[in-house]
>>> print(open('run-v3.pdb').read())   # PDB, C-alpha atoms
ATOM      1  CA  MET A   1      -7.419 -26.445 -46.467  1.00  0.00           C
ATOM      2  CA  SER A   2     -10.858 -27.654 -45.406  1.00  0.00           C
ATOM      3  CA  LYS A   3     -12.007 -31.182 -46.235  1.00  0.00           C
ATOM      4  CA  VAL A   4     -15.640 -31.706 -47.249  1.00  0.00           C
ATOM      5  CA  TYR A   5     -17.685 -34.838 -46.530  1.00  0.00           C
ATOM      6  CA  LEU A   6     -21.064 -36.206 -47.672  1.00  0.00           C
ATOM      7  CA  HIS A   7     -23.165 -37.843 -44.955  1.00  0.00           C
ATOM      8  CA  ARG A   8     -24.120 -41.444 -45.740  1.00  0.00           C
ATOM      9  CA  MET A   9     -26.594 -43.338 -43.576  1.00  0.00           C
ATOM     10  CA  LEU A  10     -25.041 -46.402 -41.893  1.00  0.00           C
ATOM     11  CA  LEU A  11     -21.766 -45.897 -43.817  1.00  0.00           C
ATOM     12  CA  PRO A  12     -18.682 -43.771 -43.208  1.00  0.00           C
ATOM     13  CA  ASP A  13     -19.004 -40.258 -44.599  1.00  0.00           C
ATOM     14  CA  LYS A  14     -17.548 -39.880 -48.093  1.00  0.00           C
ATOM     15  CA  LEU A  15     -14.759 -37.399 -48.819  1.00  0.00           C
ATOM     16  CA  LEU A  16     -15.946 -35.180 -51.689  1.00  0.00           C
ATOM     17  CA  GLY A  17     -13.186 -32.617 -51.951  1.00  0.00           C
ATOM     18  CA  ARG A  18     -11.640 -29.578 -50.366  1.00  0.00           C
ATOM     19  CA  VAL A  19     -11.802 -25.806 -50.158  1.00  0.00           C
ATOM     20  CA  GLU A  20      -8.489 -23.951 -50.193  1.00  0.00           C
ATOM     21  CA  GLN A  21      -7.683 -20.799 -48.190  1.00  0.00           C
ATOM     22  CA  ASN A  22      -7.877 -18.741 -51.415  1.00  0.00           C
ATOM     23  CA  GLY A  23     -11.514 -19.838 -51.975  1.00  0.00           C
ATOM     24  CA  LYS A  24     -10.910 -22.363 -54.774  1.00  0.00           C
ATOM     25  CA  VAL A  25     -12.973 -25.563 -54.538  1.00  0.00           C
ATOM     26  CA  TYR A  26     -11.640 -28.943 -55.714  1.00  0.00           C
ATOM     27  CA  ARG A  27     -13.471 -32.255 -56.209  1.00  0.00           C
ATOM     28  CA  SER A  28     -11.513 -35.304 -55.062  1.00  0.00           C
ATOM     29  CA  ASP A  29     -11.643 -38.222 -57.447  1.00  0.00           C
ATOM     30  CA  SER A  30      -9.272 -41.110 -57.913  1.00  0.00           C
ATOM     31  CA  GLY A  31      -6.289 -39.494 -59.564  1.00  0.00           C
ATOM     32  CA  LEU A  32      -5.922 -35.743 -59.748  1.00  0.00           C
ATOM     33  CA  ASP A  33      -8.300 -33.334 -58.038  1.00  0.00           C
ATOM     34  CA  ASP A  34     -10.045 -30.928 -60.383  1.00  0.00           C
ATOM     35  CA  LYS A  35     -11.073 -27.337 -59.684  1.00  0.00           C
ATOM     36  CA  ILE A  36     -14.844 -27.029 -59.931  1.00  0.00           C
ATOM     37  CA  GLY A  37     -15.381 -23.521 -58.671  1.00  0.00           C
ATOM     38  CA  ARG A  38     -14.534 -20.754 -56.268  1.00  0.00           C
ATOM     39  CA  VAL A  39     -16.006 -18.371 -53.754  1.00  0.00           C
ATOM     40  CA  ASP A  40     -15.326 -14.654 -53.429  1.00  0.00           C
ATOM     41  CA  LEU A  41     -13.980 -14.315 -49.897  1.00  0.00           C
ATOM     42  CA  ASP A  42     -15.165 -10.713 -49.552  1.00  0.00           C
ATOM     43  CA  ASN A  43     -18.849 -11.057 -50.443  1.00  0.00           C
ATOM     44  CA  GLY A  44     -19.709 -14.807 -50.468  1.00  0.00           C
ATOM     45  CA  GLU A  45     -20.554 -15.044 -54.176  1.00  0.00           C
ATOM     46  CA  ILE A  46     -20.090 -18.610 -55.483  1.00  0.00           C
ATOM     47  CA  TYR A  47     -18.928 -19.368 -59.024  1.00  0.00           C
ATOM     48  CA  LYS A  48     -18.825 -22.618 -60.992  1.00  0.00           C
ATOM     49  CA  SER A  49     -15.752 -23.131 -63.177  1.00  0.00           C
ATOM     50  CA  LYS A  50     -16.370 -23.650 -66.875  1.00  0.00           C
ATOM     51  CA  PRO A  51     -14.589 -22.843 -70.125  1.00  0.00           C
ATOM     52  CA  GLY A  52     -14.614 -19.082 -70.480  1.00  0.00           C
ATOM     53  CA  PRO A  53     -15.744 -16.870 -67.619  1.00  0.00           C
ATOM     54  CA  ASP A  54     -16.857 -18.592 -64.411  1.00  0.00           C
ATOM     55  CA  GLU A  55     -20.628 -18.814 -63.916  1.00  0.00           C
ATOM     56  CA  TYR A  56     -22.224 -17.110 -60.902  1.00  0.00           C
ATOM     57  CA  ILE A  57     -24.492 -19.725 -59.277  1.00  0.00           C
ATOM     58  CA  GLY A  58     -25.288 -18.403 -55.815  1.00  0.00           C
ATOM     59  CA  ARG A  59     -24.143 -16.901 -52.569  1.00  0.00           C
ATOM     60  CA  VAL A  60     -23.641 -17.536 -48.893  1.00  0.00           C
ATOM     61  CA  LYS A  61     -24.512 -14.941 -46.280  1.00  0.00           C
ATOM     62  CA  LEU A  62     -21.337 -14.256 -44.333  1.00  0.00           C
ATOM     63  CA  ASP A  63     -23.103 -13.479 -41.060  1.00  0.00           C
ATOM     64  CA  ASN A  64     -25.330 -16.559 -40.705  1.00  0.00           C
ATOM     65  CA  GLY A  65     -24.338 -19.270 -43.236  1.00  0.00           C
ATOM     66  CA  LYS A  66     -27.575 -19.250 -45.261  1.00  0.00           C
ATOM     67  CA  VAL A  67     -27.022 -20.446 -48.842  1.00  0.00           C
ATOM     68  CA  TYR A  68     -28.981 -19.187 -51.864  1.00  0.00           C
ATOM     69  CA  ARG A  69     -29.117 -20.364 -55.497  1.00  0.00           C
ATOM     70  CA  HIS A  70     -29.054 -17.581 -58.090  1.00  0.00           C
ATOM     71  CA  VAL A  71     -32.225 -17.276 -60.171  1.00  0.00           C
ATOM     72  CA  PRO A  72     -31.585 -14.985 -63.186  1.00  0.00           C
ATOM     73  CA  ALA A  73     -35.167 -13.809 -63.660  1.00  0.00           C
ATOM     74  CA  GLY A  74     -36.339 -13.697 -60.074  1.00  0.00           C
ATOM     75  CA  ARG A  75     -35.657 -13.948 -56.417  1.00  0.00           C
ATOM     76  CA  ASP A  76     -32.807 -16.256 -55.315  1.00  0.00           C
ATOM     77  CA  ASP A  77     -33.860 -19.640 -53.863  1.00  0.00           C
ATOM     78  CA  TYR A  78     -32.998 -20.439 -50.258  1.00  0.00           C
ATOM     79  CA  LEU A  79     -31.311 -23.860 -50.298  1.00  0.00           C
ATOM     80  CA  GLY A  80     -30.249 -24.382 -46.710  1.00  0.00           C
ATOM     81  CA  HIS A  81     -27.677 -23.375 -44.155  1.00  0.00           C
ATOM     82  CA  VAL A  82     -24.345 -24.180 -42.601  1.00  0.00           C
ATOM     83  CA  GLU A  83     -23.850 -24.303 -38.846  1.00  0.00           C
ATOM     84  CA  PRO A  84     -20.790 -22.716 -37.184  1.00  0.00           C
ATOM     85  CA  ASP A  85     -19.420 -26.237 -36.541  1.00  0.00           C
ATOM     86  CA  GLY A  86     -19.492 -27.006 -40.314  1.00  0.00           C
ATOM     87  CA  LYS A  87     -22.619 -29.187 -40.478  1.00  0.00           C
ATOM     88  CA  MET A  88     -24.733 -28.576 -43.592  1.00  0.00           C
ATOM     89  CA  TYR A  89     -28.505 -28.788 -43.829  1.00  0.00           C
ATOM     90  CA  GLN A  90     -30.805 -28.690 -46.856  1.00  0.00           C
ATOM     91  CA  HIS A  91     -33.981 -26.668 -46.314  1.00  0.00           C
ATOM     92  CA  GLU A  92     -37.209 -28.671 -46.235  1.00  0.00           C
ATOM     93  CA  PHE A  93     -40.441 -26.703 -46.575  1.00  0.00           C
ATOM     94  CA  LEU A  94     -42.738 -27.406 -43.607  1.00  0.00           C
ATOM     95  CA  GLY A  95     -40.396 -30.000 -42.126  1.00  0.00           C
ATOM     96  CA  PRO A  96     -37.073 -30.442 -40.392  1.00  0.00           C
ATOM     97  CA  ASP A  97     -34.023 -29.616 -42.510  1.00  0.00           C
ATOM     98  CA  ASP A  98     -32.033 -32.629 -43.807  1.00  0.00           C
ATOM     99  CA  TYR A  99     -28.450 -33.146 -42.639  1.00  0.00           C
ATOM    100  CA  MET A 100     -26.289 -33.523 -45.783  1.00  0.00           C
ATOM    101  CA  GLY A 101     -22.657 -33.410 -44.721  1.00  0.00           C
ATOM    102  CA  ASN A 102     -19.945 -31.294 -43.167  1.00  0.00           C
ATOM    103  CA  ILE A 103     -16.721 -29.388 -43.648  1.00  0.00           C
ATOM    104  CA  LYS A 104     -13.736 -29.813 -41.347  1.00  0.00           C
ATOM    105  CA  ASP A 105     -11.289 -27.084 -40.303  1.00  0.00           C
ATOM    106  CA  HIS A 106     -13.151 -24.227 -41.965  1.00  0.00           C
ATOM    107  CA  VAL A 107     -12.503 -20.670 -40.899  1.00  0.00           C
ATOM    108  CA  SER A 108     -15.781 -18.982 -41.841  1.00  0.00           C
ATOM    109  CA  PHE A 109     -19.173 -19.445 -43.465  1.00  0.00           C
ATOM    110  CA  VAL A 110     -17.711 -18.376 -46.821  1.00  0.00           C
ATOM    111  CA  TYR A 111     -15.776 -21.663 -47.224  1.00  0.00           C
ATOM    112  CA  ALA A 112     -18.629 -23.785 -45.912  1.00  0.00           C
ATOM    113  CA  GLY A 113     -21.143 -22.142 -48.248  1.00  0.00           C
ATOM    114  CA  ALA A 114     -18.969 -22.854 -51.280  1.00  0.00           C
ATOM    115  CA  ALA A 115     -18.589 -26.482 -50.184  1.00  0.00           C
ATOM    116  CA  PHE A 116     -22.350 -26.733 -49.666  1.00  0.00           C
ATOM    117  CA  MET A 117     -23.212 -25.477 -53.134  1.00  0.00           C
ATOM    118  CA  LEU A 118     -20.414 -26.951 -55.260  1.00  0.00           C
ATOM    119  CA  LEU A 119     -19.723 -30.293 -53.572  1.00  0.00           C
ATOM    120  CA  VAL A 120     -22.284 -31.478 -51.037  1.00  0.00           C
ATOM    121  CA  LEU A 121     -25.613 -30.451 -52.615  1.00  0.00           C
ATOM    122  CA  PRO A 122     -24.946 -32.092 -56.024  1.00  0.00           C
ATOM    123  CA  ALA A 123     -23.687 -35.295 -54.353  1.00  0.00           C
ATOM    124  CA  TYR A 124     -26.607 -35.336 -51.922  1.00  0.00           C
ATOM    125  CA  GLU A 125     -29.159 -34.889 -54.705  1.00  0.00           C
ATOM    126  CA  GLU A 126     -27.504 -37.684 -56.714  1.00  0.00           C
ATOM    127  CA  GLN A 127     -27.534 -39.958 -53.659  1.00  0.00           C
ATOM    128  CA  MET A 128     -31.251 -39.289 -53.100  1.00  0.00           C
ATOM    129  CA  GLU A 129     -32.227 -40.354 -56.664  1.00  0.00           C
TER     130      GLU A 129
END
>>> encode(input="run-v3.pdb", output="C-alpha coordinates")
Amino acid sequence: MSKVYLHRMLLPDKLLGRVEQNGKVYRSDSGLDDKIGRVDLDNGEIYKSKPGPDEYIGRVKLDNGKVYRHVPAGRDDYLGHVEPDGKMYQHEFLGPDDYMGNIKDHVSFVYAGAAFMLLVLPAYEEQME
(Lines of atoms letter the chains of each structure in order from A and count residues from 1; the text may use other names and numbers.)
(Lines give C-alpha, C1' and ligand atoms only; values in the text may rest on other atoms or scores of the structure.)
Protein backbone atom coordinates (compact mmCIF):
# COMPACT_ATOMS: atom_id res chain seq x y z
CA MET A 1 0.00 0.00 0.00
CA SER A 2 1.27 3.44 -0.97
CA LYS A 3 0.01 6.55 0.82
CA VAL A 4 -0.60 9.70 -1.23
CA TYR A 5 -0.18 13.26 0.04
CA LEU A 6 -1.09 16.74 -1.25
CA HIS A 7 1.55 19.42 -0.71
CA ARG A 8 0.29 22.42 1.26
CA MET A 9 2.40 25.55 1.64
CA LEU A 10 3.32 26.28 5.28
CA LEU A 11 1.10 23.41 6.50
CA PRO A 12 1.66 19.67 6.92
CA ASP A 13 0.95 17.71 3.75
CA LYS A 14 -2.59 16.31 3.61
CA LEU A 15 -3.23 12.58 3.29
CA LEU A 16 -5.50 12.08 0.26
CA GLY A 17 -5.67 8.32 -0.04
CA ARG A 18 -3.80 5.22 -1.06
CA VAL A 19 -2.93 2.98 -3.97
CA GLU A 20 -3.07 -0.76 -3.35
CA GLN A 21 -0.68 -3.36 -4.82
CA ASN A 22 -3.45 -4.52 -7.19
CA GLY A 23 -3.71 -1.01 -8.72
CA LYS A 24 -6.96 0.09 -7.03
CA VAL A 25 -7.01 3.70 -5.82
CA TYR A 26 -8.91 4.78 -2.69
CA ARG A 27 -9.73 8.28 -1.41
CA SER A 28 -9.39 8.69 2.35
CA ASP A 29 -12.20 10.61 3.97
CA SER A 30 -13.46 10.57 7.52
CA GLY A 31 -15.18 7.22 7.78
CA LEU A 32 -14.76 4.58 5.12
CA ASP A 33 -12.37 4.93 2.20
CA ASP A 34 -14.02 4.75 -1.21
CA LYS A 35 -12.59 3.30 -4.41
CA ILE A 36 -12.29 6.04 -7.02
CA GLY A 37 -10.38 4.26 -9.74
CA ARG A 38 -7.67 1.88 -10.80
CA VAL A 39 -4.62 1.55 -12.97
CA ASP A 40 -3.75 -1.31 -15.30
CA LEU A 41 -0.41 -2.55 -13.97
CA ASP A 42 0.69 -3.89 -17.36
CA ASN A 43 0.24 -0.81 -19.56
CA GLY A 44 -0.32 2.21 -17.25
CA GLU A 45 -3.87 2.99 -18.39
CA ILE A 46 -5.82 4.86 -15.68
CA TYR A 47 -9.56 4.41 -15.15
CA LYS A 48 -12.05 6.36 -13.04
CA SER A 49 -14.67 4.27 -11.23
CA LYS A 50 -18.29 5.05 -12.02
CA PRO A 51 -21.56 3.13 -12.23
CA GLY A 52 -21.25 0.79 -15.18
CA PRO A 53 -17.93 0.30 -16.93
CA ASP A 54 -14.95 2.27 -15.62
CA GLU A 55 -14.02 5.35 -17.67
CA TYR A 56 -10.58 5.54 -19.29
CA ILE A 57 -9.14 8.96 -18.35
CA GLY A 58 -5.43 8.77 -19.10
CA ARG A 59 -2.15 6.96 -18.84
CA VAL A 60 1.26 7.00 -17.26
CA LYS A 61 4.37 6.07 -19.20
CA LEU A 62 5.98 3.18 -17.35
CA ASP A 63 9.54 4.09 -18.32
CA ASN A 64 9.65 7.76 -17.28
CA GLY A 65 6.58 8.67 -15.15
CA LYS A 66 5.02 11.16 -17.60
CA VAL A 67 1.25 11.46 -17.12
CA TYR A 68 -1.23 12.17 -19.93
CA ARG A 69 -4.96 12.99 -19.90
CA HIS A 70 -7.03 11.17 -22.53
CA VAL A 71 -8.60 13.43 -25.16
CA PRO A 72 -11.23 11.47 -27.15
CA ALA A 73 -11.03 13.51 -30.35
CA GLY A 74 -7.35 14.38 -30.39
CA ARG A 75 -3.91 14.03 -28.99
CA ASP A 76 -3.60 13.28 -25.25
CA ASP A 77 -2.63 16.23 -23.02
CA TYR A 78 0.64 16.09 -21.11
CA LEU A 79 -0.20 16.93 -17.48
CA GLY A 80 3.07 16.46 -15.66
CA HIS A 81 5.41 13.84 -14.29
CA VAL A 82 6.36 11.77 -11.30
CA GLU A 83 9.94 11.49 -10.09
CA PRO A 84 11.44 8.13 -9.06
CA ASP A 85 11.28 9.28 -5.40
CA GLY A 86 7.48 9.79 -5.68
CA LYS A 87 7.34 13.59 -5.98
CA MET A 88 4.68 14.83 -8.42
CA TYR A 89 4.90 17.89 -10.63
CA GLN A 90 2.26 19.60 -12.77
CA HIS A 91 3.55 20.80 -16.14
CA GLU A 92 3.70 24.57 -16.59
CA PHE A 93 4.12 25.84 -20.14
CA LEU A 94 7.20 28.10 -20.38
CA GLY A 95 7.90 27.92 -16.65
CA PRO A 96 9.08 25.62 -13.90
CA ASP A 97 6.76 22.71 -13.11
CA ASP A 98 4.72 23.05 -9.88
CA TYR A 99 5.31 20.60 -7.03
CA MET A 100 1.89 19.13 -6.09
CA GLY A 101 2.48 16.24 -3.71
CA ASN A 102 4.01 12.82 -3.32
CA ILE A 103 3.45 9.11 -2.88
CA LYS A 104 5.24 7.07 -0.23
CA ASP A 105 6.41 3.46 -0.57
CA HIS A 106 5.52 3.10 -4.24
CA VAL A 107 7.09 0.37 -6.31
CA SER A 108 6.88 1.85 -9.81
CA PHE A 109 5.66 4.77 -11.89
CA VAL A 110 2.37 2.93 -12.53
CA TYR A 111 1.16 3.49 -8.93
CA ALA A 112 2.45 7.05 -8.79
CA GLY A 113 0.78 7.96 -12.09
CA ALA A 114 -2.59 6.69 -10.86
CA ALA A 115 -2.19 8.68 -7.64
CA PHE A 116 -1.24 11.77 -9.65
CA MET A 117 -4.30 11.62 -11.88
CA LEU A 118 -6.99 10.36 -9.50
CA LEU A 119 -6.01 11.93 -6.18
CA VAL A 120 -3.40 14.69 -6.31
CA LEU A 121 -4.34 16.62 -9.47
CA PRO A 122 -8.04 17.11 -8.55
CA ALA A 123 -7.12 18.16 -4.99
CA TYR A 124 -4.37 20.47 -6.23
CA GLU A 125 -6.68 22.15 -8.74
CA GLU A 126 -9.34 22.61 -6.03
CA GLN A 127 -6.74 24.08 -3.67
CA MET A 128 -5.60 26.56 -6.34
CA GLU A 129 -9.14 27.96 -6.90
>>> closest_residue(input="run-v3.pdb", among="A:Leu11, A:Lys24, A:Leu79, A:His106", to="A:Phe93", atoms="all atoms listed in the file")
A:Leu79
>>> closest_atom_pairs(input="run-v3.pdb", of="stretch 48-74 of chain A", to="stretch 108-119 of chain A", cutoff="7 Å", atoms="all atoms listed in the file", output="CSV")
residue,atom,partner,partner_atom,distance
A:Val60,CA,A:Gly113,CA,5.3
A:Leu62,CA,A:Phe109,CA,5.7
A:Gly65,CA,A:Phe109,CA,5.2
A:Val67,CA,A:Gly113,CA,6.1
>>> residues_near_point(input="run-v3.pdb", point="(-10.2, -15.3, -57.8)", cutoff="8 Å", atoms="all atoms listed in the file", output="PyMOL selection string")
chain A and resi 22-24+38-40
>>> resolve_selection(input="run-v3.pdb", expression="the PyMOL selection byres ((chain A and resi 87-90) around 10)", output="PDB file with C-alpha atoms, in the coordinates of the input")
ATOM      1  CA  TYR A   5     -17.685 -34.838 -46.530  1.00  0.00           C
ATOM      2  CA  LEU A   6     -21.064 -36.206 -47.672  1.00  0.00           C
ATOM      3  CA  HIS A   7     -23.165 -37.843 -44.955  1.00  0.00           C
ATOM      4  CA  GLY A  65     -24.338 -19.270 -43.236  1.00  0.00           C
ATOM      5  CA  LYS A  66     -27.575 -19.250 -45.261  1.00  0.00           C
ATOM      6  CA  VAL A  67     -27.022 -20.446 -48.842  1.00  0.00           C
ATOM      7  CA  TYR A  78     -32.998 -20.439 -50.258  1.00  0.00           C
ATOM      8  CA  LEU A  79     -31.311 -23.860 -50.298  1.00  0.00           C
ATOM      9  CA  GLY A  80     -30.249 -24.382 -46.710  1.00  0.00           C
ATOM     10  CA  HIS A  81     -27.677 -23.375 -44.155  1.00  0.00           C
ATOM     11  CA  VAL A  82     -24.345 -24.180 -42.601  1.00  0.00           C
ATOM     12  CA  GLU A  83     -23.850 -24.303 -38.846  1.00  0.00           C
ATOM     13  CA  PRO A  84     -20.790 -22.716 -37.184  1.00  0.00           C
ATOM     14  CA  ASP A  85     -19.420 -26.237 -36.541  1.00  0.00           C
ATOM     15  CA  GLY A  86     -19.492 -27.006 -40.314  1.00  0.00           C
ATOM     16  CA  HIS A  91     -33.981 -26.668 -46.314  1.00  0.00           C
ATOM     17  CA  GLU A  92     -37.209 -28.671 -46.235  1.00  0.00           C
ATOM     18  CA  PHE A  93     -40.441 -26.703 -46.575  1.00  0.00           C
ATOM     19  CA  PRO A  96     -37.073 -30.442 -40.392  1.00  0.00           C
ATOM     20  CA  ASP A  97     -34.023 -29.616 -42.510  1.00  0.00           C
ATOM     21  CA  ASP A  98     -32.033 -32.629 -43.807  1.00  0.00           C
ATOM     22  CA  TYR A  99     -28.450 -33.146 -42.639  1.00  0.00           C
ATOM     23  CA  MET A 100     -26.289 -33.523 -45.783  1.00  0.00           C
ATOM     24  CA  GLY A 101     -22.657 -33.410 -44.721  1.00  0.00           C
ATOM     25  CA  ASN A 102     -19.945 -31.294 -43.167  1.00  0.00           C
ATOM     26  CA  ILE A 103     -16.721 -29.388 -43.648  1.00  0.00           C
ATOM     27  CA  LYS A 104     -13.736 -29.813 -41.347  1.00  0.00           C
ATOM     28  CA  ALA A 112     -18.629 -23.785 -45.912  1.00  0.00           C
ATOM     29  CA  GLY A 113     -21.143 -22.142 -48.248  1.00  0.00           C
ATOM     30  CA  ALA A 115     -18.589 -26.482 -50.184  1.00  0.00           C
ATOM     31  CA  PHE A 116     -22.350 -26.733 -49.666  1.00  0.00           C
ATOM     32  CA  VAL A 120     -22.284 -31.478 -51.037  1.00  0.00           C
ATOM     33  CA  LEU A 121     -25.613 -30.451 -52.615  1.00  0.00           C
ATOM     34  CA  TYR A 124     -26.607 -35.336 -51.922  1.00  0.00           C
TER      35      TYR A 124
END
>>> atom_distance(input="run-v3.pdb", atom1="atom CA of A:Tyr56", atom2="atom CA of A:Tyr68")
11.5 Å
>>> resolve_selection(input="run-v3.pdb", expression="the PyMOL selection byres ((chain A and resi 29) around 12)", output="MDAnalysis selection string")
chainID A and resid 14:18 26:28 30:36 119
>>> atom_distance(input="run-v3.pdb", atom1="atom CA of A:Gly44", atom2="atom CA of A:Ala73")
20.3 Å
>>> atom_distance(input="run-v3.pdb", atom1="atom CA of A:Pro122", atom2="atom CA of A:Lys48")
12.3 Å
>>> axis_aligned_box(input="run-v3.pdb", around="stretch 6-14 of chain A", padding_each_side="4 Å", output="lines of an AutoDock Vina configuration file")
center_x = -22.1
center_y = -41.3
center_z = -45.0
size_x = 17.0
size_y = 18.2
size_z = 14.2
>>> decode(input="run-v3.pdb", residues="stretch 45-65 of chain A", atoms="N, CA, C and O atoms", output="PDB file, in the first residue's frame")
ATOM      1  N   GLU A  45      -2.603   2.311 -18.110  1.00  0.00           N
ATOM      2  CA  GLU A  45      -3.868   2.992 -18.385  1.00  0.00           C
ATOM      3  C   GLU A  45      -4.612   3.234 -17.067  1.00  0.00           C
ATOM      4  O   GLU A  45      -4.701   2.348 -16.229  1.00  0.00           O
ATOM      5  N   ILE A  46      -5.159   4.444 -16.919  1.00  0.00           N
ATOM      6  CA  ILE A  46      -5.818   4.862 -15.677  1.00  0.00           C
ATOM      7  C   ILE A  46      -7.311   4.989 -15.928  1.00  0.00           C
ATOM      8  O   ILE A  46      -7.731   5.604 -16.908  1.00  0.00           O
ATOM      9  N   TYR A  47      -8.103   4.426 -15.018  1.00  0.00           N
ATOM     10  CA  TYR A  47      -9.557   4.409 -15.148  1.00  0.00           C
ATOM     11  C   TYR A  47     -10.192   5.008 -13.907  1.00  0.00           C
ATOM     12  O   TYR A  47      -9.771   4.744 -12.788  1.00  0.00           O
ATOM     13  N   LYS A  48     -11.251   5.781 -14.124  1.00  0.00           N
ATOM     14  CA  LYS A  48     -12.051   6.356 -13.043  1.00  0.00           C
ATOM     15  C   LYS A  48     -13.252   5.443 -12.820  1.00  0.00           C
ATOM     16  O   LYS A  48     -13.922   5.043 -13.771  1.00  0.00           O
ATOM     17  N   SER A  49     -13.518   5.112 -11.550  1.00  0.00           N
ATOM     18  CA  SER A  49     -14.670   4.272 -11.234  1.00  0.00           C
ATOM     19  C   SER A  49     -15.951   5.071 -11.344  1.00  0.00           C
ATOM     20  O   SER A  49     -16.012   6.238 -10.950  1.00  0.00           O
ATOM     21  N   LYS A  50     -16.972   4.443 -11.900  1.00  0.00           N
ATOM     22  CA  LYS A  50     -18.291   5.051 -12.015  1.00  0.00           C
ATOM     23  C   LYS A  50     -19.297   3.920 -12.165  1.00  0.00           C
ATOM     24  O   LYS A  50     -18.910   2.787 -12.425  1.00  0.00           O
ATOM     25  N   PRO A  51     -20.567   4.189 -11.991  1.00  0.00           N
ATOM     26  CA  PRO A  51     -21.556   3.134 -12.231  1.00  0.00           C
ATOM     27  C   PRO A  51     -21.429   2.648 -13.672  1.00  0.00           C
ATOM     28  O   PRO A  51     -21.254   3.439 -14.594  1.00  0.00           O
ATOM     29  N   GLY A  52     -21.463   1.355 -13.849  1.00  0.00           N
ATOM     30  CA  GLY A  52     -21.253   0.786 -15.176  1.00  0.00           C
ATOM     31  C   GLY A  52     -19.770   0.563 -15.397  1.00  0.00           C
ATOM     32  O   GLY A  52     -18.988   0.482 -14.455  1.00  0.00           O
ATOM     33  N   PRO A  53     -19.358   0.521 -16.654  1.00  0.00           N
ATOM     34  CA  PRO A  53     -17.933   0.297 -16.934  1.00  0.00           C
ATOM     35  C   PRO A  53     -17.087   1.490 -16.487  1.00  0.00           C
ATOM     36  O   PRO A  53     -17.524   2.633 -16.567  1.00  0.00           O
ATOM     37  N   ASP A  54     -15.866   1.195 -16.013  1.00  0.00           N
ATOM     38  CA  ASP A  54     -14.951   2.269 -15.622  1.00  0.00           C
ATOM     39  C   ASP A  54     -14.602   3.115 -16.839  1.00  0.00           C
ATOM     40  O   ASP A  54     -14.585   2.646 -17.969  1.00  0.00           O
ATOM     41  N   GLU A  55     -14.317   4.398 -16.596  1.00  0.00           N
ATOM     42  CA  GLU A  55     -14.019   5.345 -17.666  1.00  0.00           C
ATOM     43  C   GLU A  55     -12.506   5.533 -17.811  1.00  0.00           C
ATOM     44  O   GLU A  55     -11.820   5.889 -16.849  1.00  0.00           O
ATOM     45  N   TYR A  56     -11.990   5.313 -19.004  1.00  0.00           N
ATOM     46  CA  TYR A  56     -10.575   5.539 -19.292  1.00  0.00           C
ATOM     47  C   TYR A  56     -10.318   7.042 -19.302  1.00  0.00           C
ATOM     48  O   TYR A  56     -10.951   7.784 -20.052  1.00  0.00           O
ATOM     49  N   ILE A  57      -9.386   7.511 -18.446  1.00  0.00           N
ATOM     50  CA  ILE A  57      -9.145   8.958 -18.354  1.00  0.00           C
ATOM     51  C   ILE A  57      -7.716   9.367 -18.706  1.00  0.00           C
ATOM     52  O   ILE A  57      -7.445  10.548 -18.867  1.00  0.00           O
ATOM     53  N   GLY A  58      -6.808   8.400 -18.780  1.00  0.00           N
ATOM     54  CA  GLY A  58      -5.433   8.773 -19.102  1.00  0.00           C
ATOM     55  C   GLY A  58      -4.477   7.625 -18.925  1.00  0.00           C
ATOM     56  O   GLY A  58      -4.875   6.476 -18.765  1.00  0.00           O
ATOM     57  N   ARG A  59      -3.175   7.991 -18.938  1.00  0.00           N
ATOM     58  CA  ARG A  59      -2.154   6.962 -18.839  1.00  0.00           C
ATOM     59  C   ARG A  59      -0.882   7.540 -18.241  1.00  0.00           C
ATOM     60  O   ARG A  59      -0.676   8.753 -18.238  1.00  0.00           O
ATOM     61  N   VAL A  60      -0.061   6.638 -17.734  1.00  0.00           N
ATOM     62  CA  VAL A  60       1.263   6.999 -17.258  1.00  0.00           C
ATOM     63  C   VAL A  60       2.265   6.161 -18.049  1.00  0.00           C
ATOM     64  O   VAL A  60       2.038   4.979 -18.288  1.00  0.00           O
ATOM     65  N   LYS A  61       3.329   6.792 -18.482  1.00  0.00           N
ATOM     66  CA  LYS A  61       4.373   6.065 -19.200  1.00  0.00           C
ATOM     67  C   LYS A  61       5.210   5.322 -18.161  1.00  0.00           C
ATOM     68  O   LYS A  61       5.714   5.919 -17.210  1.00  0.00           O
ATOM     69  N   LEU A  62       5.333   4.033 -18.339  1.00  0.00           N
ATOM     70  CA  LEU A  62       5.981   3.180 -17.348  1.00  0.00           C
ATOM     71  C   LEU A  62       7.490   3.373 -17.278  1.00  0.00           C
ATOM     72  O   LEU A  62       8.097   3.044 -16.262  1.00  0.00           O
ATOM     73  N   ASP A  63       8.089   3.934 -18.315  1.00  0.00           N
ATOM     74  CA  ASP A  63       9.540   4.090 -18.320  1.00  0.00           C
ATOM     75  C   ASP A  63      10.041   5.423 -17.775  1.00  0.00           C
ATOM     76  O   ASP A  63      11.188   5.534 -17.364  1.00  0.00           O
ATOM     77  N   ASN A  64       9.154   6.455 -17.728  1.00  0.00           N
ATOM     78  CA  ASN A  64       9.645   7.761 -17.277  1.00  0.00           C
ATOM     79  C   ASN A  64       8.690   8.535 -16.357  1.00  0.00           C
ATOM     80  O   ASN A  64       9.017   9.626 -15.927  1.00  0.00           O
ATOM     81  N   GLY A  65       7.494   8.019 -16.082  1.00  0.00           N
ATOM     82  CA  GLY A  65       6.579   8.675 -15.155  1.00  0.00           C
ATOM     83  C   GLY A  65       5.807   9.854 -15.704  1.00  0.00           C
ATOM     84  O   GLY A  65       5.163  10.580 -14.946  1.00  0.00           O
TER      85      GLY A  65
END
